[in-house]
Amino acid sequence: MAMTGIIRPGMVQIRVLEMEPALRHYRDVMGLIEVSREADGRVYLKCFDEFDRHSVVLREAEEAGMDYMAFKTATEADLDRYAQRIRDFGAEVEEVPADEQPGVGRRFSFLLPTGHRLDLFAEMALSDQGPLTENPHIWSSEPRGMRATRFDHCLLYGPAIAEIVVFFTQVLDFELTEKVTSPEGDIAVFLTCSTKAHDIAFVRHPEPNKFHHASFYLLTWEDVGHAADLISRHDVALDIGPTRHGITRGQTIYFFDPSGNRNEVFTGGYTYYPGDPLRVWDHTQIGKAIFYHTRELNERFLGVVT
Ligand code: M3P
Ligand code: FE
C-alpha cells in the first residue's frame, strides 16, 4: 500500500503536574523546541526534524498521563472517510473545531476499546523551525540535548486487546506487525500505518486508559548512549537501558519526566512492508521479547503507568 489514508502519528497531549520542570525536561534535556505558550496554559513543542508546527502538547493537571494521541491523515477527504467508518463501527465521534490547538485544522475524536482517546486530523501549519527545503542543510540549528528527531509512537495499556486489533486493522487500515501471545489471548500488539515496526502499541492491562510511554526517534545507537549520559548528568529518573527490544528490534532507553510519565528514545527497528508475515512471541519468551540483552522482565517497566 502506498502511504495514503492515515499516514503517521501527529502529536500527543501529555498531562504534567508542574509546567516549568516539565519544560526543563522536554525542552532542555530531550532537546525539543518550545513553539508557543498559550493563554490556557498549554505549551507546544516540536522535534527538530519535524515539518509540522508541533508534535507534543503539555497540559498542567492534577494527575499525570496522556490526554490523547492524534494521527494525521493524508487529506481532508480521508479525515471524513475515517470518521464515517468509525461511526459505522459503532463508536461515537466528536468533531473538535479547527484552532482548538493553534495551527491545527478540525479533528475527529473518539474512544478506543481500551478507553484511550484518539484523534485524527488532516491539517497542521508548517513550522518555521522545520527541516530546510531549499539547498537543504542537514538541520537549521544544531540539535540539542538528546537530539530527538521526531515523535514516533505511544505504548498504551488497557483491556480489550483483541478488539483493538480488529478496530485498527479493519477500521483504520493499520497492520499488525508483531504480538506476544498467551493461552489467555494476546498480551501485547504492535500496529503500523507505515513501514515502521509500530506507530502505536498496546499491552493488556485491567485498568483502561493507561499511558506507558511516548517515544522519540534518535538517529544512532551512539545517540542512545548520549541520552543515557544526559539522564545521569541531569538526574533524570532512569527506568531501563540502554538495551534492545527483541520485539521491533529497537535500541532503546526509558526514563521518566518529572511528573512520572515514561518516555523512550530509541533508534533502529526493522522496516515493515505491507503483507510481511506477522512476528509472534510466545509468552514464555517474553523476557527476550522485551529486553533482548538481559532477557529479564523488570517489574517497574511492566507495572508503572500513568
Ligand atoms: C517498545 C518499542 C513492551 C514492549 C515495548 C516495546 C512493553 O516500546 O518501542 O519497541 O512489551
Ligand atoms: Fe516504544
# chains A, B, ... in the order shown; residues from 1 in each chain; ligands from 1

$ residues_near_ligand --ligand "ligand 1" --cutoff "6 Å" --atoms "only C-alpha atoms and all ligand atoms" --output "list in words"
His245, Ile247, Thr248, Gly250 and Ile290 of chain A

$ residues_around --residues "Arg107 (chain A)" --least-positions-apart "4" --cutoff "12 Å" --atoms "only C-alpha atoms" --output "short mmCIF file (atom, residue, chain, number, x, y, z; two decimals) with N, CA and C atoms, in the first residue's frame"
data_model
loop_
_atom_site.label_atom_id
_atom_site.label_comp_id
_atom_site.auth_asym_id
_atom_site.auth_seq_id
_atom_site.Cartn_x
_atom_site.Cartn_y
_atom_site.Cartn_z
N GLY A 10 0.75 12.15 14.70
CA GLY A 10 0.92 13.59 14.51
C GLY A 10 1.32 14.29 15.79
N TYR A 68 -4.60 12.54 24.94
CA TYR A 68 -4.89 11.87 23.68
C TYR A 68 -3.65 11.83 22.80
N MET A 69 -3.70 10.89 21.85
CA MET A 69 -2.71 10.85 20.78
C MET A 69 -3.48 11.13 19.50
N ALA A 70 -2.85 11.81 18.55
CA ALA A 70 -3.53 12.15 17.30
C ALA A 70 -2.72 11.66 16.11
N PHE A 71 -3.42 11.04 15.17
CA PHE A 71 -2.80 10.61 13.91
C PHE A 71 -3.19 11.57 12.80
N LYS A 72 -2.29 11.72 11.83
CA LYS A 72 -2.53 12.61 10.71
C LYS A 72 -3.00 11.82 9.50
N THR A 73 -4.03 12.34 8.80
CA THR A 73 -4.47 11.72 7.55
C THR A 73 -3.87 12.49 6.38
N GLU A 76 -8.14 15.90 3.72
CA GLU A 76 -9.39 16.19 4.43
C GLU A 76 -10.45 15.14 4.09
N ASP A 78 -9.91 12.00 3.45
CA ASP A 78 -9.61 10.82 4.28
C ASP A 78 -10.15 11.01 5.69
N LEU A 79 -10.01 12.22 6.20
CA LEU A 79 -10.47 12.51 7.56
C LEU A 79 -11.97 12.21 7.67
N ASP A 80 -12.75 12.72 6.72
CA ASP A 80 -14.20 12.47 6.73
C ASP A 80 -14.52 10.99 6.54
N TYR A 82 -12.67 8.34 7.36
CA TYR A 82 -12.41 7.55 8.58
C TYR A 82 -13.41 7.88 9.68
N ALA A 83 -13.84 9.14 9.77
CA ALA A 83 -14.84 9.49 10.79
C ALA A 83 -16.10 8.66 10.57
N VAL A 93 -18.20 9.65 17.57
CA VAL A 93 -17.13 10.51 17.06
C VAL A 93 -17.53 11.96 17.28
N GLU A 94 -16.63 12.70 17.91
CA GLU A 94 -16.89 14.11 18.18
C GLU A 94 -16.00 14.95 17.29
N GLU A 95 -16.54 16.04 16.74
CA GLU A 95 -15.69 16.92 15.94
C GLU A 95 -15.13 18.02 16.83
N VAL A 96 -13.82 18.19 16.79
CA VAL A 96 -13.14 19.26 17.54
C VAL A 96 -12.85 20.36 16.54
N PRO A 97 -13.30 21.61 16.82
CA PRO A 97 -13.13 22.65 15.81
C PRO A 97 -11.67 22.99 15.55
N ALA A 98 -11.42 23.51 14.34
CA ALA A 98 -10.07 23.97 13.98
C ALA A 98 -9.62 25.00 15.00
N ASP A 99 -8.33 25.06 15.23
CA ASP A 99 -7.72 26.03 16.14
C ASP A 99 -8.03 25.79 17.61
N GLU A 100 -8.62 24.63 17.96
CA GLU A 100 -8.65 24.26 19.39
C GLU A 100 -7.21 24.18 19.88
N GLN A 101 -6.33 23.77 18.96
CA GLN A 101 -4.88 23.92 19.16
C GLN A 101 -4.40 24.88 18.06
N GLY A 103 -2.92 26.44 14.95
CA GLY A 103 -2.34 25.92 13.71
C GLY A 103 -2.87 24.57 13.28
N LEU A 118 -8.38 8.91 21.02
CA LEU A 118 -7.55 9.06 19.82
C LEU A 118 -8.19 10.13 18.95
N ASP A 119 -7.39 10.97 18.34
CA ASP A 119 -7.89 12.00 17.41
C ASP A 119 -7.29 11.76 16.03
N LEU A 120 -8.01 12.22 15.03
CA LEU A 120 -7.49 12.27 13.66
C LEU A 120 -7.57 13.71 13.19
N PHE A 121 -6.57 14.14 12.43
CA PHE A 121 -6.61 15.47 11.81
C PHE A 121 -5.88 15.40 10.48
N ALA A 122 -6.18 16.37 9.61
CA ALA A 122 -5.52 16.37 8.29
C ALA A 122 -4.57 17.54 8.14
N GLU A 123 -4.89 18.65 8.81
CA GLU A 123 -4.14 19.88 8.54
C GLU A 123 -3.40 20.35 9.79
N MET A 124 -2.14 20.68 9.58
CA MET A 124 -1.39 21.40 10.62
C MET A 124 -0.46 22.39 9.92
#

$ residues_near_ligand --ligand "ligand 2" --cutoff "9 Å" --atoms "only C-alpha atoms and all ligand atoms" --output "compact mmCIF listing (two decimals) with C-alpha atoms, in the first residue's frame"
# COMPACT_ATOMS: atom_id res chain seq x y z
CA ASP A 152 7.49 8.31 16.93
CA HIS A 153 4.84 6.25 18.78
CA CYS A 154 2.98 5.62 22.04
CA LEU A 155 2.53 2.42 24.02
CA HIS A 198 4.99 0.18 15.01
CA ILE A 200 1.19 2.53 18.19
CA ALA A 201 1.22 -0.46 20.55
CA HIS A 212 3.04 3.51 29.29
CA HIS A 213 5.26 5.76 27.19
CA ALA A 214 5.67 8.31 24.43
CA SER A 215 8.64 7.53 22.23
CA PHE A 216 11.00 9.69 20.19
CA THR A 248 10.65 -4.40 16.86
CA GLY A 250 14.63 -1.11 18.62
CA THR A 252 16.33 1.97 23.42
CA TYR A 254 13.44 4.55 29.04
CA ASN A 263 9.49 8.49 27.84
CA GLU A 264 11.51 6.39 25.44
CA VAL A 265 14.21 7.45 23.00
CA PHE A 266 15.29 4.79 20.54

$ residues_around --residues "Asp128 (chain A)" --least-positions-apart "5" --cutoff "12 Å" --atoms "only C-alpha atoms" --output "ChimeraX atom specification"
/A:33,35,46,48-54,133,140-141

$ select_by_dssp --residues "region 119-300 of chain A" --states "alpha helix (DSSP H)" --output "JSON, numbers by chain"
{"A": [161, 162, 163, 164, 165, 166, 221, 222, 223, 224, 225, 226, 227, 228, 229, 230, 231, 232, 233, 286, 287, 288, 289, 290, 299, 300]}

$ atom_distance --atom1 "CA of Thr75 (chain A)" --atom2 "CA of Ser36 (chain A)"
25.8 Å

$ atom_distance --atom1 "CA of Ser109 (chain A)" --atom2 "CA of Phe167 (chain A)"
14.7 Å

$ select_by_dssp --residues "region 111-253 of chain A" --states "strand (DSSP E)" --output "JSON, numbers by chain"
{"A": [111, 117, 118, 119, 120, 121, 150, 151, 152, 153, 154, 155, 156, 157, 158, 175, 176, 177, 178, 179, 180, 181, 188, 189, 190, 191, 192, 200, 201, 202, 203, 204, 210, 211, 212, 213, 214, 215, 216, 217, 237, 238, 239, 240, 241, 242, 243, 244, 250, 251, 252, 253]}

$ write_last_selection --atoms "N, CA and C atoms" --output "compact mmCIF listing (two decimals), in the first residue's frame"
# COMPACT_ATOMS: atom_id res chain seq x y z
N LEU A 111 -13.20 7.35 21.38
CA LEU A 111 -12.57 6.50 22.39
C LEU A 111 -12.30 5.11 21.80
N ARG A 117 -8.33 8.06 24.41
CA ARG A 117 -8.85 8.97 23.38
C ARG A 117 -7.85 9.07 22.24
N LEU A 118 -8.38 8.91 21.02
CA LEU A 118 -7.55 9.06 19.82
C LEU A 118 -8.19 10.13 18.95
N ASP A 119 -7.39 10.97 18.34
CA ASP A 119 -7.89 12.00 17.41
C ASP A 119 -7.29 11.76 16.03
N LEU A 120 -8.01 12.22 15.03
CA LEU A 120 -7.49 12.27 13.66
C LEU A 120 -7.57 13.71 13.19
N PHE A 121 -6.57 14.14 12.43
CA PHE A 121 -6.61 15.47 11.81
C PHE A 121 -5.88 15.40 10.48
N ARG A 150 12.05 13.05 16.09
CA ARG A 150 10.60 13.11 15.86
C ARG A 150 9.87 12.37 16.97
N PHE A 151 8.60 12.76 17.18
CA PHE A 151 7.69 11.96 17.99
C PHE A 151 7.37 10.72 17.17
N ASP A 152 7.56 9.53 17.74
CA ASP A 152 7.49 8.31 16.93
C ASP A 152 6.27 7.43 17.20
N HIS A 153 5.97 7.14 18.47
CA HIS A 153 4.84 6.25 18.78
C HIS A 153 4.48 6.36 20.26
N CYS A 154 3.34 5.78 20.63
CA CYS A 154 2.98 5.62 22.04
C CYS A 154 2.71 4.15 22.31
N LEU A 155 2.96 3.73 23.55
CA LEU A 155 2.53 2.42 24.02
C LEU A 155 1.49 2.66 25.11
N LEU A 156 0.33 2.03 24.94
CA LEU A 156 -0.81 2.28 25.82
C LEU A 156 -1.23 0.98 26.49
N TYR A 157 -1.71 1.08 27.73
CA TYR A 157 -2.14 -0.08 28.50
C TYR A 157 -3.65 -0.04 28.70
N GLY A 158 -4.30 -1.18 28.50
CA GLY A 158 -5.73 -1.22 28.74
C GLY A 158 -6.30 -2.59 28.45
N GLU A 175 -1.75 -2.27 10.05
CA GLU A 175 -1.39 -3.69 10.01
C GLU A 175 -0.75 -4.10 11.32
N LEU A 176 -1.02 -5.34 11.69
CA LEU A 176 -0.44 -5.91 12.91
C LEU A 176 0.93 -6.46 12.52
N THR A 177 1.99 -5.92 13.13
CA THR A 177 3.35 -6.35 12.74
C THR A 177 3.89 -7.43 13.66
N GLU A 178 3.52 -7.36 14.95
CA GLU A 178 4.16 -8.23 15.92
C GLU A 178 3.24 -8.35 17.13
N LYS A 179 3.29 -9.52 17.80
CA LYS A 179 2.47 -9.66 19.01
C LYS A 179 3.08 -10.66 19.96
N VAL A 180 2.65 -10.59 21.23
CA VAL A 180 3.02 -11.56 22.25
C VAL A 180 1.75 -12.30 22.63
N THR A 181 1.79 -13.64 22.50
CA THR A 181 0.59 -14.43 22.76
C THR A 181 0.69 -15.13 24.12
N ALA A 188 0.36 -8.41 24.12
CA ALA A 188 0.87 -7.15 23.56
C ALA A 188 0.72 -7.19 22.06
N VAL A 189 0.34 -6.05 21.44
CA VAL A 189 0.17 -5.98 19.99
C VAL A 189 0.80 -4.70 19.46
N PHE A 190 1.48 -4.81 18.31
CA PHE A 190 2.21 -3.71 17.70
C PHE A 190 1.61 -3.45 16.33
N LEU A 191 1.19 -2.22 16.08
CA LEU A 191 0.41 -1.88 14.88
C LEU A 191 1.06 -0.75 14.12
N THR A 192 1.01 -0.83 12.78
CA THR A 192 1.65 0.21 11.97
C THR A 192 0.71 0.72 10.89
N ILE A 200 1.90 2.55 16.91
CA ILE A 200 1.19 2.53 18.19
C ILE A 200 1.22 1.08 18.68
N ALA A 201 1.22 0.90 20.00
CA ALA A 201 1.22 -0.46 20.55
C ALA A 201 0.38 -0.48 21.81
N PHE A 202 -0.12 -1.68 22.13
CA PHE A 202 -0.98 -1.84 23.31
C PHE A 202 -0.55 -3.07 24.10
N VAL A 203 -0.65 -2.96 25.42
CA VAL A 203 -0.38 -4.07 26.32
C VAL A 203 -1.63 -4.29 27.18
N ARG A 204 -1.98 -5.56 27.35
CA ARG A 204 -3.17 -5.93 28.14
C ARG A 204 -3.00 -5.50 29.59
N LYS A 210 -4.59 3.75 30.30
CA LYS A 210 -3.31 3.97 30.97
C LYS A 210 -2.21 4.22 29.93
N PHE A 211 -1.26 5.04 30.33
CA PHE A 211 -0.20 5.51 29.44
C PHE A 211 1.11 4.87 29.88
N HIS A 212 1.74 4.12 28.96
CA HIS A 212 3.04 3.51 29.29
C HIS A 212 4.19 4.40 28.85
N HIS A 213 4.23 4.81 27.59
CA HIS A 213 5.26 5.76 27.19
C HIS A 213 4.96 6.45 25.87
N ALA A 214 5.59 7.62 25.72
CA ALA A 214 5.67 8.31 24.43
C ALA A 214 7.12 8.19 24.00
N SER A 215 7.31 7.86 22.71
CA SER A 215 8.64 7.53 22.23
C SER A 215 9.10 8.48 21.13
N PHE A 216 10.40 8.74 21.13
CA PHE A 216 11.00 9.69 20.19
C PHE A 216 12.18 9.02 19.50
N TYR A 217 12.31 9.29 18.22
CA TYR A 217 13.31 8.60 17.42
C TYR A 217 14.65 9.35 17.43
N ALA A 237 15.08 10.45 36.22
CA ALA A 237 14.80 9.10 36.74
C ALA A 237 14.89 8.09 35.60
N LEU A 238 15.86 7.19 35.71
CA LEU A 238 16.06 6.16 34.68
C LEU A 238 15.07 5.01 34.93
N ASP A 239 14.50 4.46 33.87
CA ASP A 239 13.70 3.24 34.01
C ASP A 239 14.58 2.05 33.64
N ILE A 240 14.96 1.95 32.37
CA ILE A 240 15.83 0.84 31.96
C ILE A 240 16.57 1.18 30.66
N GLY A 241 17.78 0.65 30.55
CA GLY A 241 18.55 0.80 29.32
C GLY A 241 19.85 1.54 29.57
N PRO A 242 20.63 1.75 28.49
CA PRO A 242 20.38 1.36 27.10
C PRO A 242 20.31 -0.16 26.92
N THR A 243 19.36 -0.59 26.09
CA THR A 243 19.19 -2.01 25.80
C THR A 243 18.52 -2.12 24.43
N ARG A 244 18.16 -3.35 24.08
CA ARG A 244 17.44 -3.57 22.81
C ARG A 244 16.19 -4.38 23.07
N GLY A 250 14.19 -2.47 18.28
CA GLY A 250 14.63 -1.11 18.62
C GLY A 250 15.73 -1.11 19.67
N GLN A 251 16.66 -0.16 19.54
CA GLN A 251 17.72 0.06 20.55
C GLN A 251 17.31 1.27 21.35
N THR A 252 17.23 1.12 22.66
CA THR A 252 16.33 1.97 23.42
C THR A 252 16.84 2.35 24.79
N ILE A 253 16.28 3.43 25.35
CA ILE A 253 16.42 3.72 26.78
C ILE A 253 15.12 4.38 27.24

$ atom_distance --atom1 "CA of Ile86 (chain A)" --atom2 "CA of Leu112 (chain A)"
10.1 Å

$ residues_around --residues "Met30 (chain A)" --least-positions-apart "4" --cutoff "12 Å" --atoms "only C-alpha atoms" --output "PyMOL selection string"
chain A and resi 22-26+34+45-48+143-151+215-218+223-224+226-231+234+236+255-257+263-265

$ write_last_selection --atoms "N, CA and C atoms" --output "mmCIF file, in the first residue's frame"
data_model
loop_
_atom_site.group_PDB
_atom_site.id
_atom_site.type_symbol
_atom_site.label_atom_id
_atom_site.label_comp_id
_atom_site.auth_asym_id
_atom_site.auth_seq_id
_atom_site.Cartn_x
_atom_site.Cartn_y
_atom_site.Cartn_z
ATOM 1 N N ALA A 22 8.669 20.339 33.784
ATOM 2 C CA ALA A 22 8.383 19.544 32.573
ATOM 3 C C ALA A 22 9.102 20.141 31.373
ATOM 4 N N LEU A 23 9.103 21.470 31.285
ATOM 5 C CA LEU A 23 9.785 22.115 30.155
ATOM 6 C C LEU A 23 11.288 21.910 30.230
ATOM 7 N N ARG A 24 11.829 21.980 31.446
ATOM 8 C CA ARG A 24 13.280 21.732 31.557
ATOM 9 C C ARG A 24 13.605 20.331 31.043
ATOM 10 N N HIS A 25 12.686 19.388 31.280
ATOM 11 C CA HIS A 25 12.890 18.007 30.838
ATOM 12 C C HIS A 25 12.737 17.882 29.317
ATOM 13 N N TYR A 26 11.566 18.240 28.788
ATOM 14 C CA TYR A 26 11.289 18.002 27.358
ATOM 15 C C TYR A 26 12.121 18.938 26.467
ATOM 16 N N GLU A 34 10.678 24.658 22.006
ATOM 17 C CA GLU A 34 9.437 25.244 22.527
ATOM 18 C C GLU A 34 8.849 26.130 21.439
ATOM 19 N N LEU A 45 5.388 21.992 21.736
ATOM 20 C CA LEU A 45 6.793 21.716 21.410
ATOM 21 C C LEU A 45 6.880 20.873 20.145
ATOM 22 N N LYS A 46 8.066 20.873 19.546
ATOM 23 C CA LYS A 46 8.312 20.026 18.380
ATOM 24 C C LYS A 46 9.741 19.504 18.414
ATOM 25 N N CYS A 47 9.984 18.462 17.642
ATOM 26 C CA CYS A 47 11.350 17.959 17.481
ATOM 27 C C CYS A 47 11.983 18.662 16.278
ATOM 28 N N PHE A 48 13.315 18.653 16.243
ATOM 29 C CA PHE A 48 13.989 19.490 15.246
ATOM 30 C C PHE A 48 13.754 19.021 13.813
ATOM 31 N N PRO A 143 21.012 20.354 16.601
ATOM 32 C CA PRO A 143 20.172 19.657 17.579
ATOM 33 C C PRO A 143 20.797 19.701 18.976
ATOM 34 N N ARG A 144 19.922 19.871 19.977
ATOM 35 C CA ARG A 144 20.395 19.989 21.368
ATOM 36 C C ARG A 144 19.954 18.759 22.163
ATOM 37 N N GLY A 145 20.501 18.638 23.387
ATOM 38 C CA GLY A 145 20.053 17.622 24.332
ATOM 39 C C GLY A 145 20.145 16.224 23.725
ATOM 40 N N MET A 146 19.075 15.453 23.871
ATOM 41 C CA MET A 146 19.082 14.071 23.350
ATOM 42 C C MET A 146 18.965 14.011 21.825
ATOM 43 N N ARG A 147 18.741 15.148 21.205
ATOM 44 C CA ARG A 147 18.650 15.212 19.737
ATOM 45 C C ARG A 147 17.498 14.339 19.212
ATOM 46 N N ALA A 148 16.349 14.438 19.905
ATOM 47 C CA ALA A 148 15.164 13.697 19.457
ATOM 48 C C ALA A 148 14.746 14.223 18.098
ATOM 49 N N THR A 149 14.659 13.340 17.109
ATOM 50 C CA THR A 149 14.356 13.805 15.748
ATOM 51 C C THR A 149 12.856 13.971 15.511
ATOM 52 N N ARG A 150 12.050 13.048 16.094
ATOM 53 C CA ARG A 150 10.605 13.115 15.863
ATOM 54 C C ARG A 150 9.870 12.374 16.972
ATOM 55 N N PHE A 151 8.601 12.759 17.176
ATOM 56 C CA PHE A 151 7.688 11.957 17.994
ATOM 57 C C PHE A 151 7.375 10.719 17.169
ATOM 58 N N SER A 215 7.311 7.858 22.712
ATOM 59 C CA SER A 215 8.642 7.528 22.234
ATOM 60 C C SER A 215 9.097 8.475 21.132
ATOM 61 N N PHE A 216 10.398 8.744 21.126
ATOM 62 C CA PHE A 216 11.004 9.692 20.193
ATOM 63 C C PHE A 216 12.181 9.016 19.504
ATOM 64 N N TYR A 217 12.306 9.293 18.221
ATOM 65 C CA TYR A 217 13.312 8.601 17.415
ATOM 66 C C TYR A 217 14.652 9.347 17.428
ATOM 67 N N LEU A 218 15.732 8.605 17.641
ATOM 68 C CA LEU A 218 17.098 9.133 17.541
ATOM 69 C C LEU A 218 17.762 8.541 16.303
ATOM 70 N N ASP A 223 23.695 7.935 19.817
ATOM 71 C CA ASP A 223 22.811 8.938 20.417
ATOM 72 C C ASP A 223 22.026 8.352 21.597
ATOM 73 N N VAL A 224 21.743 7.047 21.563
ATOM 74 C CA VAL A 224 21.072 6.422 22.712
ATOM 75 C C VAL A 224 22.031 6.457 23.920
ATOM 76 N N HIS A 226 24.401 8.691 24.331
ATOM 77 C CA HIS A 226 24.454 10.111 24.705
ATOM 78 C C HIS A 226 23.246 10.466 25.582
ATOM 79 N N ALA A 227 22.076 9.922 25.230
ATOM 80 C CA ALA A 227 20.871 10.149 26.049
ATOM 81 C C ALA A 227 21.091 9.595 27.455
ATOM 82 N N ALA A 228 21.724 8.428 27.555
ATOM 83 C CA ALA A 228 21.999 7.835 28.876
ATOM 84 C C ALA A 228 22.917 8.754 29.682
ATOM 85 N N ASP A 229 23.908 9.360 29.027
ATOM 86 C CA ASP A 229 24.803 10.299 29.721
ATOM 87 C C ASP A 229 24.017 11.493 30.250
ATOM 88 N N LEU A 230 23.113 12.024 29.435
ATOM 89 C CA LEU A 230 22.322 13.191 29.854
ATOM 90 C C LEU A 230 21.387 12.837 31.006
ATOM 91 N N ILE A 231 20.862 11.606 30.978
ATOM 92 C CA ILE A 231 19.950 11.154 32.039
ATOM 93 C C ILE A 231 20.679 11.189 33.387
ATOM 94 N N HIS A 234 21.732 14.978 34.396
ATOM 95 C CA HIS A 234 20.637 15.847 34.850
ATOM 96 C C HIS A 234 19.726 15.166 35.869
ATOM 97 N N VAL A 236 17.826 12.652 35.771
ATOM 98 C CA VAL A 236 16.524 12.195 35.281
ATOM 99 C C VAL A 236 16.311 10.782 35.831
ATOM 100 N N PHE A 255 12.990 6.405 30.497
ATOM 101 C CA PHE A 255 13.176 7.262 31.672
ATOM 102 C C PHE A 255 11.852 7.972 31.947
ATOM 103 N N PHE A 256 11.800 8.714 33.050
ATOM 104 C CA PHE A 256 10.546 9.366 33.451
ATOM 105 C C PHE A 256 10.690 10.879 33.410
ATOM 106 N N ASP A 257 9.618 11.554 33.016
ATOM 107 C CA ASP A 257 9.607 13.009 33.125
ATOM 108 C C ASP A 257 9.348 13.354 34.598
ATOM 109 N N ASN A 263 9.062 8.164 29.212
ATOM 110 C CA ASN A 263 9.492 8.490 27.840
ATOM 111 C C ASN A 263 10.452 7.415 27.373
ATOM 112 N N GLU A 264 10.498 7.246 26.057
ATOM 113 C CA GLU A 264 11.509 6.388 25.441
ATOM 114 C C GLU A 264 12.216 7.211 24.362
ATOM 115 N N VAL A 265 13.517 7.041 24.222
ATOM 116 C CA VAL A 265 14.211 7.452 22.998
ATOM 117 C C VAL A 265 14.868 6.195 22.447
#
